[in-house]
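Student: So here's coords03.pdb (PDB, C-alpha atoms).
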ATOM      1  CA  MET X   1     110.755 148.350  60.622
ATOM      2  CA  ARG X   2     109.874 144.749  59.698
ATOM      3  CA  PRO X   3     112.686 144.288  57.104
ATOM      4  CA  MET X   4     115.219 145.673  59.593
ATOM      5  CA  LYS X   5     114.084 143.263  62.307
ATOM      6  CA  PHE X   6     114.254 140.327  59.912
ATOM      7  CA  THR X   7     117.741 141.352  58.749
ATOM      8  CA  VAL X   8     118.919 141.380  62.344
ATOM      9  CA  PHE X   9     117.346 137.950  62.845
ATOM     10  CA  VAL X  10     119.197 136.606  59.787
ATOM     11  CA  LEU X  11     122.499 138.023  60.978
ATOM     12  CA  ILE X  12     122.077 136.491  64.406
ATOM     13  CA  TRP X  13     121.498 133.062  62.884
ATOM     14  CA  MET X  14     124.342 133.417  60.414
ATOM     15  CA  CYS X  15     126.811 134.448  63.092
ATOM     16  CA  ALA X  16     125.771 132.003  65.785
ATOM     17  CA  PHE X  17     125.531 128.641  64.029
ATOM     18  CA  SER X  18     126.888 125.622  65.807
ATOM     19  CA  ALA X  19     130.404 124.497  64.991
ATOM     20  CA  ALA X  20     129.193 120.900  64.892
ATOM     21  CA  ALA X  21     127.663 119.853  61.566
ATOM     22  CA  ASP X  22     124.024 118.838  61.752
ATOM     23  CA  THR X  23     121.392 117.495  59.346
ATOM     24  CA  VAL X  24     117.948 118.931  58.677
ATOM     25  CA  GLN X  25     115.101 117.020  57.060
ATOM     26  CA  VAL X  26     113.344 119.329  54.610
ATOM     27  CA  ALA X  27     110.120 118.710  52.678
ATOM     28  CA  VAL X  28     109.997 120.942  49.603
ATOM     29  CA  ALA X  29     107.341 121.504  46.953
ATOM     30  CA  SER X  30     108.254 119.950  43.594
ATOM     31  CA  ASN X  31     108.409 123.263  41.720
ATOM     32  CA  PHE X  32     111.248 124.400  43.979
ATOM     33  CA  ALA X  33     113.324 121.211  43.810
ATOM     34  CA  THR X  34     116.024 122.491  41.442
ATOM     35  CA  PRO X  35     116.602 125.860  43.140
ATOM     36  CA  MET X  36     116.539 124.012  46.459
ATOM     37  CA  ALA X  37     119.405 121.775  45.353
ATOM     38  CA  ARG X  38     121.509 124.846  44.545
ATOM     39  CA  ILE X  39     120.635 126.525  47.845
ATOM     40  CA  ALA X  40     121.342 123.350  49.825
ATOM     41  CA  ALA X  41     124.836 123.139  48.363
ATOM     42  CA  GLU X  42     125.566 126.754  49.306
ATOM     43  CA  PHE X  43     124.059 126.294  52.768
ATOM     44  CA  GLN X  44     126.276 123.291  53.457
ATOM     45  CA  ARG X  45     129.332 125.134  52.131
ATOM     46  CA  ASP X  46     128.636 128.158  54.333
ATOM     47  CA  THR X  47     127.498 126.431  57.529
ATOM     48  CA  GLY X  48     128.619 122.816  57.431
ATOM     49  CA  HIS X  49     125.028 121.650  57.951
ATOM     50  CA  GLN X  50     123.474 119.181  55.513
ATOM     51  CA  LEU X  51     119.903 119.233  54.207
ATOM     52  CA  LEU X  52     118.117 115.936  53.600
ATOM     53  CA  ILE X  53     115.599 116.914  50.926
ATOM     54  CA  SER X  54     112.342 115.260  49.905
ATOM     55  CA  SER X  55     110.285 116.849  47.102
ATOM     56  CA  GLY X  56     106.664 116.287  46.216
ATOM     57  CA  SER X  57     103.129 117.648  46.313
ATOM     58  CA  SER X  58     102.453 120.198  49.047
ATOM     59  CA  GLY X  59      99.068 118.633  49.779
ATOM     60  CA  LYS X  60     100.589 115.182  50.226
ATOM     61  CA  PHE X  61     103.313 116.584  52.463
ATOM     62  CA  TYR X  62     100.605 118.104  54.657
ATOM     63  CA  ALA X  63      99.061 114.657  55.104
ATOM     64  CA  GLN X  64     102.453 113.106  55.868
ATOM     65  CA  ILE X  65     103.350 115.798  58.407
ATOM     66  CA  ALA X  66      99.955 115.417  60.086
ATOM     67  CA  SER X  67     100.650 111.675  60.301
ATOM     68  CA  GLY X  68     103.997 112.184  62.042
ATOM     69  CA  ALA X  69     106.551 112.323  59.203
ATOM     70  CA  PRO X  70     109.994 113.338  60.564
ATOM     71  CA  PHE X  71     110.349 116.567  58.550
ATOM     72  CA  GLU X  72     111.758 119.558  60.423
ATOM     73  CA  VAL X  73     111.260 122.274  57.808
ATOM     74  CA  PHE X  74     108.543 122.521  55.159
ATOM     75  CA  LEU X  75     108.736 124.686  52.034
ATOM     76  CA  SER X  76     105.260 124.705  50.555
ATOM     77  CA  ALA X  77     104.035 125.842  47.138
ATOM     78  CA  ASP X  78     101.423 128.016  48.830
ATOM     79  CA  ASP X  79     100.813 130.015  51.997
ATOM     80  CA  GLU X  80      97.676 128.177  53.140
ATOM     81  CA  ILE X  81      99.167 124.831  54.146
ATOM     82  CA  PRO X  82     101.912 126.274  56.412
ATOM     83  CA  LEU X  83      99.263 128.448  58.083
ATOM     84  CA  ARG X  84      97.060 125.384  58.595
ATOM     85  CA  LEU X  85      99.987 123.474  60.106
ATOM     86  CA  GLU X  86     100.642 126.360  62.483
ATOM     87  CA  LYS X  87      96.992 126.518  63.561
ATOM     88  CA  GLU X  88      97.020 122.768  64.174
ATOM     89  CA  GLY X  89     100.145 122.981  66.323
ATOM     90  CA  LEU X  90     102.331 121.160  63.810
ATOM     91  CA  ALA X  91     104.447 124.208  62.902
ATOM     92  CA  VAL X  92     106.128 126.676  65.249
ATOM     93  CA  THR X  93     104.072 129.838  65.699
ATOM     94  CA  GLY X  94     105.710 132.859  64.090
ATOM     95  CA  SER X  95     108.169 130.827  62.005
ATOM     96  CA  ARG X  96     106.343 131.183  58.671
ATOM     97  CA  VAL X  97     108.132 133.162  55.967
ATOM     98  CA  THR X  98     107.338 133.759  52.293
ATOM     99  CA  TYR X  99     110.459 132.657  50.449
ATOM    100  CA  ALA X 100     109.254 133.057  46.835
ATOM    101  CA  ILE X 101     106.324 134.036  44.647
ATOM    102  CA  GLY X 102     105.832 131.514  41.867
ATOM    103  CA  LYS X 103     105.133 132.021  38.165
ATOM    104  CA  LEU X 104     102.810 129.798  36.126
ATOM    105  CA  VAL X 105     103.453 129.011  32.458
ATOM    106  CA  LEU X 106     101.780 127.023  29.699
ATOM    107  CA  TRP X 107     104.714 125.151  28.172
ATOM    108  CA  SER X 108     105.701 122.778  25.399
ATOM    109  CA  PRO X 109     109.201 121.477  24.585
ATOM    110  CA  ARG X 110     108.358 122.127  20.941
ATOM    111  CA  PRO X 111     109.681 125.536  19.751
ATOM    112  CA  GLY X 112     107.026 127.871  18.377
ATOM    113  CA  TYR X 113     104.153 125.638  19.483
ATOM    114  CA  VAL X 114     102.742 127.656  22.398
ATOM    115  CA  ASP X 115     101.910 131.228  21.417
ATOM    116  CA  GLY X 116     102.559 134.234  23.624
ATOM    117  CA  LYS X 117      98.890 134.722  24.531
ATOM    118  CA  GLY X 118      97.805 131.162  25.262
ATOM    119  CA  GLU X 119      95.415 131.064  22.327
ATOM    120  CA  ILE X 120      96.520 127.505  21.561
ATOM    121  CA  MET X 121      94.128 126.363  24.314
ATOM    122  CA  ARG X 122      91.210 127.268  22.037
ATOM    123  CA  SER X 123      92.729 125.773  18.891
ATOM    124  CA  GLY X 124      91.910 122.113  19.422
ATOM    125  CA  SER X 125      95.267 121.232  17.841
ATOM    126  CA  PHE X 126      96.401 118.986  20.689
ATOM    127  CA  ALA X 127      95.199 115.775  22.295
ATOM    128  CA  ARG X 128      96.446 116.208  25.871
ATOM    129  CA  LEU X 129      97.103 119.152  28.195
ATOM    130  CA  SER X 130      98.795 118.375  31.503
ATOM    131  CA  ILE X 131      98.146 120.016  34.872
ATOM    132  CA  ALA X 132      98.925 119.133  38.479
ATOM    133  CA  ASN X 133      96.019 117.941  40.617
ATOM    134  CA  PRO X 134      94.199 121.143  41.671
ATOM    135  CA  LYS X 135      93.108 119.486  44.926
ATOM    136  CA  THR X 136      96.610 118.748  46.204
ATOM    137  CA  ALA X 137      99.012 120.942  44.213
ATOM    138  CA  PRO X 138      98.863 124.776  44.429
ATOM    139  CA  TYR X 139     100.163 125.177  40.871
ATOM    140  CA  GLY X 140      97.369 122.887  39.714
ATOM    141  CA  ALA X 141      94.838 125.067  41.513
ATOM    142  CA  ALA X 142      96.346 128.134  39.831
ATOM    143  CA  ALA X 143      96.138 126.444  36.424
ATOM    144  CA  ARG X 144      92.468 125.625  36.918
ATOM    145  CA  GLU X 145      91.761 129.184  38.041
ATOM    146  CA  ALA X 146      93.507 130.599  34.956
ATOM    147  CA  MET X 147      91.566 128.299  32.623
ATOM    148  CA  GLU X 148      88.281 129.183  34.309
ATOM    149  CA  ARG X 149      88.974 132.894  33.906
ATOM    150  CA  GLN X 150      89.775 132.265  30.257
ATOM    151  CA  SER X 151      86.498 130.317  29.928
ATOM    152  CA  VAL X 152      88.214 127.177  28.636
ATOM    153  CA  TRP X 153      88.097 124.914  31.730
ATOM    154  CA  GLN X 154      84.928 123.049  30.772
ATOM    155  CA  MET X 155      85.850 122.876  27.096
ATOM    156  CA  LEU X 156      89.232 121.295  27.875
ATOM    157  CA  GLN X 157      88.001 118.642  30.331
ATOM    158  CA  PRO X 158      88.285 115.738  27.831
ATOM    159  CA  ARG X 159      91.884 116.711  27.034
ATOM    160  CA  LEU X 160      93.241 117.190  30.557
ATOM    161  CA  VAL X 161      95.676 114.771  32.193
ATOM    162  CA  GLN X 162      96.480 115.292  35.862
ATOM    163  CA  GLY X 163      99.747 114.678  37.656
ATOM    164  CA  GLU X 164      99.883 114.148  41.398
ATOM    165  CA  SER X 165     102.399 117.001  41.643
ATOM    166  CA  ILE X 166     103.750 119.757  39.425
ATOM    167  CA  ALA X 167     106.791 117.527  38.844
ATOM    168  CA  GLN X 168     104.611 114.803  37.346
ATOM    169  CA  ALA X 169     102.651 117.344  35.308
ATOM    170  CA  TYR X 170     105.958 118.532  33.857
ATOM    171  CA  GLN X 171     107.077 114.965  33.183
ATOM    172  CA  PHE X 172     103.932 114.226  31.184
ATOM    173  CA  VAL X 173     104.854 117.047  28.798
ATOM    174  CA  ALA X 174     108.608 116.443  28.745
ATOM    175  CA  SER X 175     108.044 112.771  27.902
ATOM    176  CA  GLY X 176     105.570 113.521  25.098
ATOM    177  CA  ASN X 177     102.541 112.030  26.851
ATOM    178  CA  ALA X 178     100.956 115.489  26.616
ATOM    179  CA  GLU X 179     101.760 118.091  23.977
ATOM    180  CA  LEU X 180     101.659 120.971  26.442
ATOM    181  CA  GLY X 181     100.923 121.672  30.080
ATOM    182  CA  PHE X 182     100.747 124.156  32.919
ATOM    183  CA  VAL X 183     103.979 124.027  34.907
ATOM    184  CA  ALA X 184     106.138 126.293  37.049
ATOM    185  CA  LEU X 185     108.434 128.726  35.252
ATOM    186  CA  SER X 186     111.303 127.416  37.395
ATOM    187  CA  GLN X 187     110.929 123.974  35.802
ATOM    188  CA  VAL X 188     111.544 125.183  32.251
ATOM    189  CA  ARG X 189     113.923 128.092  32.835
ATOM    190  CA  ASN X 190     117.569 127.605  33.724
ATOM    191  CA  GLU X 191     119.723 129.914  35.823
ATOM    192  CA  ASN X 192     120.727 131.877  32.706
ATOM    193  CA  GLY X 193     117.096 132.714  31.951
ATOM    194  CA  GLU X 194     116.921 130.396  28.944
ATOM    195  CA  VAL X 195     113.724 128.444  28.231
ATOM    196  CA  ARG X 196     113.654 125.276  26.138
ATOM    197  CA  GLY X 197     110.709 125.047  23.746
ATOM    198  CA  SER X 198     107.883 127.594  23.819
ATOM    199  CA  MET X 199     105.676 129.013  26.550
ATOM    200  CA  TRP X 200     103.019 131.476  27.593
ATOM    201  CA  LEU X 201     103.749 133.270  30.862
ATOM    202  CA  VAL X 202     100.286 133.306  32.431
ATOM    203  CA  PRO X 203      99.355 136.871  33.490
ATOM    204  CA  GLN X 204      99.109 137.337  37.227
ATOM    205  CA  ALA X 205      95.586 138.731  36.808
ATOM    206  CA  LEU X 206      94.351 135.242  35.871
ATOM    207  CA  PHE X 207      95.170 133.479  39.141
ATOM    208  CA  THR X 208      95.698 134.120  42.815
ATOM    209  CA  PRO X 209      99.377 134.945  43.501
ATOM    210  CA  ILE X 210     101.352 131.815  44.377
ATOM    211  CA  ARG X 211     102.954 132.919  47.637
ATOM    212  CA  GLN X 212     105.224 130.086  48.687
ATOM    213  CA  ASP X 213     105.736 129.916  52.448
ATOM    214  CA  GLY X 214     108.180 127.962  54.541
ATOM    215  CA  ALA X 215     107.762 127.017  58.191
ATOM    216  CA  LEU X 216     109.690 125.447  61.026
ATOM    217  CA  LEU X 217     107.828 122.276  61.925
ATOM    218  CA  LEU X 218     107.313 121.053  65.457
ATOM    219  CA  LYS X 219     109.925 118.324  64.990
ATOM    220  CA  GLY X 220     112.489 121.015  64.180
ATOM    221  CA  LYS X 221     111.694 123.214  67.181
ATOM    222  CA  GLY X 222     114.812 124.015  69.153
ATOM    223  CA  LYS X 223     117.108 122.700  66.416
ATOM    224  CA  ALA X 224     119.547 125.480  65.560
ATOM    225  CA  ALA X 225     120.354 124.235  62.060
ATOM    226  CA  ALA X 226     116.678 124.125  61.088
ATOM    227  CA  GLY X 227     116.043 127.698  62.153
ATOM    228  CA  GLN X 228     119.257 128.798  60.535
ATOM    229  CA  PHE X 229     118.192 127.321  57.213
ATOM    230  CA  LEU X 230     114.921 129.260  57.199
ATOM    231  CA  ALA X 231     116.896 132.431  57.858
ATOM    232  CA  TYR X 232     119.359 131.498  55.104
ATOM    233  CA  LEU X 233     116.513 131.571  52.552
ATOM    234  CA  ARG X 234     116.536 135.359  52.884
ATOM    235  CA  SER X 235     120.303 135.689  52.499
ATOM    236  CA  PRO X 236     121.734 137.420  49.388
ATOM    237  CA  LYS X 237     123.108 134.102  48.095
ATOM    238  CA  ALA X 238     119.790 132.259  48.383
ATOM    239  CA  THR X 239     117.642 135.095  47.034
ATOM    240  CA  ALA X 240     119.929 135.446  44.004
ATOM    241  CA  ILE X 241     119.392 131.747  43.217
ATOM    242  CA  ILE X 242     115.638 132.052  43.738
ATOM    243  CA  GLN X 243     115.380 135.007  41.365
ATOM    244  CA  SER X 244     117.581 133.342  38.761
ATOM    245  CA  PHE X 245     114.921 130.664  38.284
ATOM    246  CA  GLY X 246     112.218 133.234  37.587
ATOM    247  CA  TYR X 247     110.598 133.579  41.003
ATOM    248  CA  GLU X 248     109.737 136.956  42.461
ATOM    249  CA  LEU X 249     110.736 137.878  45.999
ATOM    250  CA  PRO X 250     108.109 138.970  48.530
TER     251      PRO X 250
END
Just give me the structure as structure tokens.

Tutor:
Amino acid sequence: MRPMKFTVFVLIWMCAFSAAADTVQVAVASNFATPMARIAAEFQRDTGHQLLISSGSSGKFYAQIASGAPFEVFLSADDEIPLRLEKEGLAVTGSRVTYAIGKLVLWSPRPGYVDGKGEIMRSGSFARLSIANPKTAPYGAAAREAMERQSVWQMLQPRLVQGESIAQAYQFVASGNAELGFVALSQVRNENGEVRGSMWLVPQALFTPIRQDGALLLKGKGKAAAGQFLAYLRSPKATAIIQSFGYELP
């Protein structure tokens, strides 16, 4: 019954959007920035509404929202922060929706460098391994959990470099400041499924599933375009884009 109810909800939003174009301020986790750009373009084409997008660390967005930032919709890299915002009265009760389930990879732009089982972590053949800050970035927390379960977390401490977000963790590797790093699959895979360099797709058994939730924030309450965008994330067009970047659907 739940999928049917949600489908009806989506159809209502899609059929009843305002004729007047509006803007929605959206905070989005860094790992989802590229798919978000594609979805935003389709959303504007289909509805006339424009999304003003800011990307960054989910943990830092939480602090900004709690301090009064003008965001109306938040797409987090986890499901805990949107729930916390709802409990604190900063997100509209019942508006949370899981829009994607993220995939973690150990990646290097160098072809053939990262093996398919992640054994390179034990090799000692690199000077720096990049991760996002586990305290503020859900993908960083997942990376730490995976390394702990592989019993390499303590061993790799001297080699770790931390980015404030998954975007910065990726940049450290892409720029050559770290030979490899834990990043989101969506950052290294294009819409055609092609991956530059080499990677290890971290098995789901090694970390808690990265359920990425979105929520309508208090500042977006009553704004038709904001609610319509959240519904649009479950539309065939949006879900096709999300899957094309390697995410799973809930």

Student: Just the number, please: distance in Å from CA of Ala27 in chain X to CA of Val161 in chain X, one decimal.

Tutor: 25.4 Å

Student: Would you compute the distance between CA of Ala178 in chain X and CA of Phe126 in chain X? Give it in Å to one decimal.

Tutor: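 Atom-to-atom, CA of Ala178 in chain X and CA of Phe126 in chain X are spaced 8.3 Å apart.
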
Student: For Gly163 in chain X, find every residue with an atom within 7 Å (counting only C-alpha atoms), except residues of its own chain fewer than 3 positions away, and show them as a PyMOL selection string.

Tutor: chain X and resi 131-133+166+168-169

Student: Could those residues be written to a file, using C-alpha atoms, as a short mmCIF file (atom, residue, chain, number, x, y, z; two decimals), in the coordinates of the input?

Tutor:
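Final output, again_38.cif:
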data_model
loop_
_atom_site.label_atom_id
_atom_site.label_comp_id
_atom_site.auth_asym_id
_atom_site.auth_seq_id
_atom_site.Cartn_x
_atom_site.Cartn_y
_atom_site.Cartn_z
CA ILE X 131 98.15 120.02 34.87
CA ALA X 132 98.92 119.13 38.48
CA ASN X 133 96.02 117.94 40.62
CA ILE X 166 103.75 119.76 39.42
CA GLN X 168 104.61 114.80 37.35
CA ALA X 169 102.65 117.34 35.31
#

Student: For CA of Arg234 in chain X and CA of Ser58 in chain X, quote the distance in Å rounded to one decimal.

Tutor: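 Separating CA of Arg234 in chain X from CA of Ser58 in chain X is a distance of 21.0 Å.
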
Student: Written as a ChimeraX atom specification, what is the full residue list that the PyMOL selection byres ((chain X and resi 114-121) around 6) yields on the file shown?

Tutor: /X:112-113,122-123,198-200

Student: Residues at most 9 Å from Asn190 in chain X, counting all atoms listed in the file, excluding those fewer than 6 positions away in the same chain, as a ChimeraX atom specification?

Tutor: /X:196,244-246

Student: Based on the selection just made, write C-alpha atoms of those residues as a PDB file, in the frame of the given file.

Tutor:
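Result file is out_26.pdb:
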ATOM      1  CA  ARG X 196     113.654 125.276  26.138  1.00  0.00           C
ATOM      2  CA  SER X 244     117.581 133.342  38.761  1.00  0.00           C
ATOM      3  CA  PHE X 245     114.921 130.664  38.284  1.00  0.00           C
ATOM      4  CA  GLY X 246     112.218 133.234  37.587  1.00  0.00           C
TER       5      GLY X 246
END

Student: Where does the PyMOL selection byres ((chain X and resi 212) around 6) land in this file, that is, which residues does it pick, as a list in words?

Tutor: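 Taken over the shown coordinates, the PyMOL selection byres ((chain X and resi 212) around 6) returns Ser76, Ala77, Asp78, Asp79, Thr98, Ala100, Ile101, Arg211 and Asp213 of chain X.
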
Student: From the set X:Tyr99, X:Tyr139, X:Phe74, X:Tyr62, which residue has the shortest atom-to-atom contact distance to Thr239 in chain X, counting all atoms listed in the file?

Tutor: X:Tyr99

Student: List the spatial neighbours of Ala174 in chain X as a PyMOL selection string - criterion: any atom at most 12 Å away, all atoms listed in the file, same-chain residues fewer than 4 positions off excluded.

Tutor: chain X and resi 107-110+129-130+167-170+178-183+187-188+196-197

Student: For each of X:Lys223, X:Lys103, X:Arg159, X:Lys60, take the minimum atom-to-atom distance to Arg128 in chain X, counting only C-alpha atoms, then give the residue where this is smallest.

Tutor: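 Selected residue with least distance to Arg128 in chain X: X:Arg159.
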